[in-house]
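*Asks:* One structure, pasted below without further comment.
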Amino acid sequence: MSGAAAELLVTRAVFAETLAYLARHGPVEDNQDDRPLAPNELARRAADKRGLVTALTDRVDAALLAAAPRLEVVANIAVGVNNIDLAACSARGVMVTNTPGVLDESTADLVWALILGAARRVTEVEQELRAGRWTGWRLTEWLGVDVHHATLGVIGLGRIGRAIARRAAGFAMRLVYHNRRRLAPELERELGAAWLAKDDLLRESDVVVVQVPYAAETHHLIGARELGLMKPSAVLVNAARGGVVDDQALAAALASGGLRAAGLDVYEGEPALHPALLAQRNVVLLPHVGSATEATRRAMAMCAAENAVAALAGRRPPNLVNPEVWR
Ligand code: GLV
């Protein structure tokens with residue numbers, strides 16, 4: 001479907017019901033072939049639009065905004081908005097929205113898949129089996145580390161971080177966290193979470209999960225120095241954003257025995273992976289599927305669509321990230 005009069009561009013493939021909902025509110029230009037649009041093609045197709053429904057693979061920057069003078073709203077199908085230059089959007093009065101809340105539990109589930117998968121070497125040993133190298137049970141082979149009764153350290157106890165933390169009770173874990181600002185004491189009590197300075201959390205945790213947005217302040221939040229503070233038996237998990245962890249430093253720590261294992265869903269420069277990470281067996285590598293359940297991806301797409309429709313109808317979108325543009 002591609003209408004000349006479309007005021008809204010959906011940059012990547014979405015679900016049929018998402019398009020049907022959008023089409024009820026006005027003509028829509030879609031990309032159901034799901035070919036990622038190069039910046040010049042995105043700019044060309046955005047040129048006459050009032051709204052964009054974007055994916056985290058789209059870069060929305062000053063150049064795109066300059067090419068799209070009618071633009072009023074960018075509705076990102078993601079909770080993270082690091083693919084969007086927020087300051088440039090705000091300066092132009094363009095509303096930016098995200099999809100918070102609907103993906104917390106599914107993402108937390110996936111983080112636990114990474115925790116358990118890395119600690120118990122799930123994908124590594126499955127590869128051994130598939131390669132025909134399983135010759136029978138052995139007492140001393142393919143040993144992992146225990147998750148139950150260990151210490152879980154969450155850096156970034158926001159909505160998703162708290163969903164991750166709540167699951168730790170089932171594993172009888174000690175829970176510590178680091179946020180720049182401490183949570184309210186009642187919330188700490190409810191979660192059973194103790195605040196620690198970042199370096200202390202890294203020293204004391206058996207499993208470290210980073211769950212912070214990517215921004216200049218969180219670039220390489222976990223680098224060589226931080227990895228050096230962690231226990232050699234520890235596991236690191238990042239399903240937040242590439243760039244929060246220094247992938248090269250992580251690969252070096254995994255190779256040298258500085259760190260036991262890691263579980264990753266996101267990468268610097270994805271979909272390319274650092275070759276040193278690919279060479280390591282003690283890391284579970286997933287292709288950015290944190291929120292990828294049938295129900296959650298549908299909810300995310302609909303959430304973005306509702307934000308776009310509200311904005312284009314002159315209503316304040318429910319998930320406005322830059323409220324300063326709302327008059
Ligand atoms: C996914 O990575 C998201 O930010 O929603």
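Residues in the structure tokens are numbered from 1 in each chain, the chains being A, B, ... in the order shown, and ligands are numbered from 1 in the order shown.
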Taking only C-alpha atoms and all ligand atoms into account, list the residues no farther than 7 Å from ligand 1, as a PDB file with N, CA, C and O atoms, in the first residue's frame.
*Replies:*
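Output file result34.pdb follows:
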ATOM      1  N   ILE A  77       9.200   2.301  17.586  1.00  0.00           N
ATOM      2  CA  ILE A  77       8.717   1.007  18.098  1.00  0.00           C
ATOM      3  C   ILE A  77       9.828   0.408  18.952  1.00  0.00           C
ATOM      4  O   ILE A  77      10.497  -0.559  18.570  1.00  0.00           O
ATOM      5  N   ALA A  78      10.056   0.987  20.107  1.00  0.00           N
ATOM      6  CA  ALA A  78      11.111   0.554  21.037  1.00  0.00           C
ATOM      7  C   ALA A  78      10.962   1.403  22.277  1.00  0.00           C
ATOM      8  O   ALA A  78      10.411   2.507  22.222  1.00  0.00           O
ATOM      9  N   VAL A  79      11.471   0.905  23.373  1.00  0.00           N
ATOM     10  CA  VAL A  79      11.516   1.762  24.558  1.00  0.00           C
ATOM     11  C   VAL A  79      12.741   2.666  24.493  1.00  0.00           C
ATOM     12  O   VAL A  79      12.700   3.823  24.887  1.00  0.00           O
ATOM     13  N   GLY A  80      13.840   2.153  23.959  1.00  0.00           N
ATOM     14  CA  GLY A  80      15.051   2.967  23.797  1.00  0.00           C
ATOM     15  C   GLY A  80      14.876   3.930  22.640  1.00  0.00           C
ATOM     16  O   GLY A  80      14.250   3.606  21.632  1.00  0.00           O
ATOM     17  N   VAL A  81      15.422   5.131  22.785  1.00  0.00           N
ATOM     18  CA  VAL A  81      15.309   6.127  21.714  1.00  0.00           C
ATOM     19  C   VAL A  81      16.694   6.642  21.305  1.00  0.00           C
ATOM     20  O   VAL A  81      16.829   7.743  20.786  1.00  0.00           O
ATOM     21  N   THR A  99       7.835   3.091  23.514  1.00  0.00           N
ATOM     22  CA  THR A  99       6.857   2.053  23.904  1.00  0.00           C
ATOM     23  C   THR A  99       7.207   1.456  25.269  1.00  0.00           C
ATOM     24  O   THR A  99       7.525   0.263  25.376  1.00  0.00           O
ATOM     25  N   ALA A 240      20.506  -4.650  27.056  1.00  0.00           N
ATOM     26  CA  ALA A 240      19.995  -3.278  27.042  1.00  0.00           C
ATOM     27  C   ALA A 240      20.307  -2.620  25.702  1.00  0.00           C
ATOM     28  O   ALA A 240      19.431  -2.515  24.835  1.00  0.00           O
ATOM     29  N   ARG A 241      21.541  -2.195  25.527  1.00  0.00           N
ATOM     30  CA  ARG A 241      21.958  -1.608  24.264  1.00  0.00           C
ATOM     31  C   ARG A 241      23.435  -1.872  24.049  1.00  0.00           C
ATOM     32  O   ARG A 241      24.225  -1.872  25.007  1.00  0.00           O
ATOM     33  N   HIS A 288      19.448  -9.586  19.241  1.00  0.00           N
ATOM     34  CA  HIS A 288      18.549  -8.495  19.686  1.00  0.00           C
ATOM     35  C   HIS A 288      17.081  -8.947  19.652  1.00  0.00           C
ATOM     36  O   HIS A 288      16.268  -8.401  18.907  1.00  0.00           O
ATOM     37  N   GLY A 290      15.288  -9.352  22.689  1.00  0.00           N
ATOM     38  CA  GLY A 290      14.811  -9.175  24.063  1.00  0.00           C
ATOM     39  C   GLY A 290      13.304  -9.099  24.189  1.00  0.00           C
ATOM     40  O   GLY A 290      12.703  -9.709  25.077  1.00  0.00           O
ATOM     41  N   SER A 291      12.683  -8.342  23.308  1.00  0.00           N
ATOM     42  CA  SER A 291      11.221  -8.149  23.402  1.00  0.00           C
ATOM     43  C   SER A 291      10.469  -9.046  22.423  1.00  0.00           C
ATOM     44  O   SER A 291       9.255  -8.897  22.253  1.00  0.00           O
TER      45      SER A 291
END
*Asks:* Within region 55-280 of chain A, find each residue whose DSSP state, derived from the backbone, is strand (DSSP E or B), and express the selection as a PyMOL selection string.
*Replies:* chain A and resi 60+73-76+84+95-97+151-155+174-178+193-195+207-210+222+235-238+245+261-264
*Asks:* So that I have them on file, write out the residues from the current selection with N, CA, C and O atoms, as a compact mmCIF listing (two decimals), in the first residue's frame.
*Replies:*
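Writing the result to out38.txt gives the following:
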# COMPACT_ATOMS: atom_id res chain seq x y z
N VAL A 60 17.24 8.84 13.16
CA VAL A 60 16.50 10.10 13.00
C VAL A 60 17.40 11.21 13.53
O VAL A 60 17.59 11.34 14.74
N VAL A 73 5.73 14.16 14.31
CA VAL A 73 5.91 13.10 15.32
C VAL A 73 6.76 11.95 14.77
O VAL A 73 6.63 11.58 13.61
N VAL A 74 7.62 11.43 15.65
CA VAL A 74 8.38 10.21 15.37
C VAL A 74 8.00 9.22 16.47
O VAL A 74 8.30 9.44 17.64
N ALA A 75 7.28 8.16 16.07
CA ALA A 75 6.84 7.16 17.05
C ALA A 75 7.73 5.93 16.89
O ALA A 75 7.60 5.17 15.93
N ASN A 76 8.64 5.76 17.84
CA ASN A 76 9.63 4.68 17.74
C ASN A 76 9.04 3.40 18.31
O ASN A 76 8.47 3.41 19.41
N ILE A 84 17.47 8.14 17.92
CA ILE A 84 16.85 9.43 17.59
C ILE A 84 17.60 10.56 18.27
O ILE A 84 17.89 10.49 19.47
N MET A 95 7.59 15.83 18.04
CA MET A 95 7.35 14.95 19.18
C MET A 95 8.02 13.60 18.94
O MET A 95 7.98 13.08 17.82
N VAL A 96 8.60 13.03 19.99
CA VAL A 96 9.18 11.69 19.93
C VAL A 96 8.46 10.84 20.96
O VAL A 96 8.26 11.27 22.10
N THR A 97 8.06 9.63 20.56
CA THR A 97 7.40 8.73 21.51
C THR A 97 8.09 7.37 21.49
O THR A 97 8.76 7.02 20.52
N THR A 151 24.78 -14.05 44.15
CA THR A 151 24.44 -12.62 44.25
C THR A 151 24.21 -12.05 42.87
O THR A 151 25.07 -12.14 41.99
N LEU A 152 23.01 -11.49 42.68
CA LEU A 152 22.66 -10.82 41.42
C LEU A 152 22.83 -9.32 41.60
O LEU A 152 22.24 -8.73 42.50
N GLY A 153 23.63 -8.72 40.74
CA GLY A 153 23.81 -7.26 40.75
C GLY A 153 23.19 -6.66 39.50
O GLY A 153 23.59 -7.01 38.39
N VAL A 154 22.20 -5.79 39.69
CA VAL A 154 21.55 -5.15 38.54
C VAL A 154 21.98 -3.69 38.51
O VAL A 154 21.77 -2.94 39.48
N ILE A 155 22.58 -3.29 37.41
CA ILE A 155 22.93 -1.88 37.23
C ILE A 155 21.84 -1.28 36.35
O ILE A 155 21.74 -1.61 35.17
N ARG A 174 20.74 -13.33 46.53
CA ARG A 174 20.93 -12.02 47.17
C ARG A 174 20.90 -10.98 46.05
O ARG A 174 21.52 -11.18 45.00
N LEU A 175 20.16 -9.90 46.28
CA LEU A 175 19.96 -8.91 45.22
C LEU A 175 20.59 -7.57 45.60
O LEU A 175 20.25 -7.00 46.64
N VAL A 176 21.49 -7.11 44.77
CA VAL A 176 22.07 -5.77 44.96
C VAL A 176 21.86 -4.98 43.66
O VAL A 176 21.68 -5.56 42.60
N TYR A 177 21.86 -3.65 43.79
CA TYR A 177 21.64 -2.86 42.58
C TYR A 177 22.42 -1.57 42.67
O TYR A 177 22.83 -1.14 43.75
N HIS A 178 22.60 -0.97 41.50
CA HIS A 178 23.18 0.37 41.46
C HIS A 178 22.37 1.24 40.53
O HIS A 178 22.18 0.89 39.37
N ALA A 193 16.16 -5.48 47.62
CA ALA A 193 17.36 -5.05 46.91
C ALA A 193 18.17 -4.06 47.74
O ALA A 193 17.61 -3.12 48.28
N ALA A 194 19.46 -4.28 47.84
CA ALA A 194 20.34 -3.36 48.56
C ALA A 194 21.17 -2.56 47.57
O ALA A 194 21.74 -3.12 46.63
N TRP A 195 21.21 -1.24 47.79
CA TRP A 195 22.00 -0.37 46.89
C TRP A 195 23.48 -0.53 47.19
O TRP A 195 23.89 -0.59 48.35
N VAL A 207 26.49 -12.58 39.30
CA VAL A 207 25.84 -12.29 38.02
C VAL A 207 25.62 -10.78 37.96
O VAL A 207 25.02 -10.21 38.87
N VAL A 208 26.13 -10.15 36.93
CA VAL A 208 25.92 -8.71 36.75
C VAL A 208 25.07 -8.50 35.50
O VAL A 208 25.39 -9.00 34.42
N VAL A 209 23.95 -7.78 35.68
CA VAL A 209 23.08 -7.42 34.56
C VAL A 209 23.11 -5.91 34.40
O VAL A 209 22.89 -5.19 35.37
N VAL A 210 23.39 -5.45 33.19
CA VAL A 210 23.29 -4.00 32.94
C VAL A 210 21.98 -3.75 32.20
O VAL A 210 21.67 -4.40 31.21
N ILE A 222 30.56 -0.52 31.20
CA ILE A 222 31.35 -1.69 31.56
C ILE A 222 32.49 -1.80 30.54
O ILE A 222 32.29 -2.19 29.39
N VAL A 235 29.36 -13.86 35.80
CA VAL A 235 28.67 -13.84 34.50
C VAL A 235 28.15 -12.43 34.28
O VAL A 235 27.59 -11.82 35.19
N LEU A 236 28.32 -11.93 33.07
CA LEU A 236 27.82 -10.59 32.71
C LEU A 236 26.75 -10.71 31.65
O LEU A 236 26.91 -11.46 30.68
N VAL A 237 25.66 -9.97 31.82
CA VAL A 237 24.57 -10.01 30.83
C VAL A 237 24.21 -8.59 30.39
O VAL A 237 24.04 -7.69 31.21
N ASN A 238 24.12 -8.41 29.07
CA ASN A 238 23.67 -7.14 28.50
C ASN A 238 22.62 -7.39 27.43
O ASN A 238 22.92 -7.91 26.36
N VAL A 245 28.37 -1.85 27.03
CA VAL A 245 29.53 -2.70 27.33
C VAL A 245 30.56 -2.52 26.22
O VAL A 245 30.19 -2.44 25.04
N ALA A 261 31.77 -16.10 31.98
CA ALA A 261 30.85 -16.21 30.84
C ALA A 261 30.06 -14.92 30.69
O ALA A 261 30.02 -14.09 31.60
N ALA A 262 29.44 -14.79 29.53
CA ALA A 262 28.59 -13.62 29.29
C ALA A 262 27.39 -14.03 28.44
O ALA A 262 27.42 -15.05 27.75
N GLY A 263 26.34 -13.21 28.54
CA GLY A 263 25.16 -13.39 27.70
C GLY A 263 24.82 -12.05 27.09
O GLY A 263 24.64 -11.07 27.81
N LEU A 264 24.76 -12.01 25.77
CA LEU A 264 24.55 -10.73 25.08
C LEU A 264 23.39 -10.83 24.10
O LEU A 264 23.24 -11.83 23.40
*Asks:* I want to know what sits within 10 Å of region 13-25 of chain A, based on only C-alpha atoms, with residues of the same chain fewer than 3 positions away left out; could you give that as an mmCIF file with C-alpha atoms, in the first residue's frame?
*Replies:*
data_model
loop_
_atom_site.group_PDB
_atom_site.id
_atom_site.type_symbol
_atom_site.label_atom_id
_atom_site.label_comp_id
_atom_site.auth_asym_id
_atom_site.auth_seq_id
_atom_site.Cartn_x
_atom_site.Cartn_y
_atom_site.Cartn_z
ATOM 1 C CA MET A 1 0.000 0.000 0.000
ATOM 2 C CA ALA A 6 -0.006 9.442 2.844
ATOM 3 C CA LEU A 8 2.432 8.774 7.771
ATOM 4 C CA VAL A 10 5.884 3.182 8.657
ATOM 5 C CA VAL A 28 -0.320 5.229 5.278
ATOM 6 C CA GLU A 29 2.838 4.471 3.336
ATOM 7 C CA ASP A 30 4.362 1.198 4.472
ATOM 8 C CA ASN A 31 7.461 -0.904 3.895
ATOM 9 C CA GLN A 32 6.069 -4.397 4.333
ATOM 10 C CA ASP A 33 9.029 -5.755 2.355
ATOM 11 C CA ASP A 34 10.997 -4.788 5.491
ATOM 12 C CA ARG A 35 14.050 -3.649 3.568
ATOM 13 C CA PRO A 36 15.986 -1.339 5.938
ATOM 14 C CA VAL A 53 6.606 5.114 12.813
ATOM 15 C CA ALA A 55 12.291 1.135 14.277
ATOM 16 C CA ILE A 77 8.717 1.007 18.098
ATOM 17 C CA ARG A 297 5.994 -7.231 19.565
ATOM 18 C CA ARG A 298 2.329 -6.801 18.609
ATOM 19 C CA ALA A 299 1.771 -4.638 21.687
ATOM 20 C CA MET A 300 4.852 -2.527 20.909
ATOM 21 C CA ALA A 301 3.752 -1.889 17.332
ATOM 22 C CA MET A 302 0.227 -0.960 18.444
ATOM 23 C CA CYS A 303 1.592 1.297 21.176
ATOM 24 C CA ALA A 304 3.698 3.196 18.626
ATOM 25 C CA ALA A 305 0.746 3.387 16.237
ATOM 26 C CA GLU A 306 -1.504 4.827 18.959
ATOM 27 C CA ALA A 308 1.420 8.448 16.158
ATOM 28 C CA VAL A 309 -2.340 8.683 15.679
ATOM 29 C CA ALA A 310 -2.798 10.740 18.841
ATOM 30 C CA LEU A 312 -1.417 13.636 14.311
ATOM 31 C CA ALA A 313 -4.904 14.228 15.721
#
*Asks:* How many Å lie between CA of Ala295 (chain A) and CA of Asp104 (chain A), rounded to one decimal?
*Replies:*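 Spanning CA of Ala295 (chain A) to CA of Asp104 (chain A) is a straight-line distance of 12.3 Å.
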*Asks:* With distances taken over only C-alpha atoms, which residue among A:Ala252, A:Gln127, A:Asp265, A:Thr296 lies nearest Leu277 (chain A)?
*Replies:*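 Result for the nearest residue to Leu277 (chain A): A:Ala252.
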*Asks:* Let's see if you can do this: from backbone DSSP, list all alpha helix (DSSP H) residues in region 49-91 of chain A, as number ranges by chain.
*Replies:* A: 62-67, 86-91
*Asks:* Taking into account only C-alpha atoms, which residue in the set A:Ala66, A:Asn179, A:Leu9, A:Ser205 is nearest to Ala46 (chain A)?
*Replies:* A:Leu9
*Asks:* Of the residues A:Leu202, A:Ile164, A:Leu320, A:Val145, which is the one nearest to Asn307 (chain A), using only C-alpha atoms?
*Replies:*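 The answer is A:Leu320, which sits nearest to Asn307 (chain A).
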*Asks:* What's the 12 Å shell around Glu217 (chain A), counting only C-alpha atoms, without same-chain residues fewer than 5 positions away, as JSON, numbers by chain?
*Replies:* {"A": [180, 212, 222, 243, 244]}
*Asks:* Between A:Glu141, A:Ala239, A:Arg70, A:Arg182, which residue has the minimum interatomic distance to Val125 (chain A), considering only C-alpha atoms?
*Replies:*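 Looking at the shortest contact to Val125 (chain A), the residue is A:Glu141.
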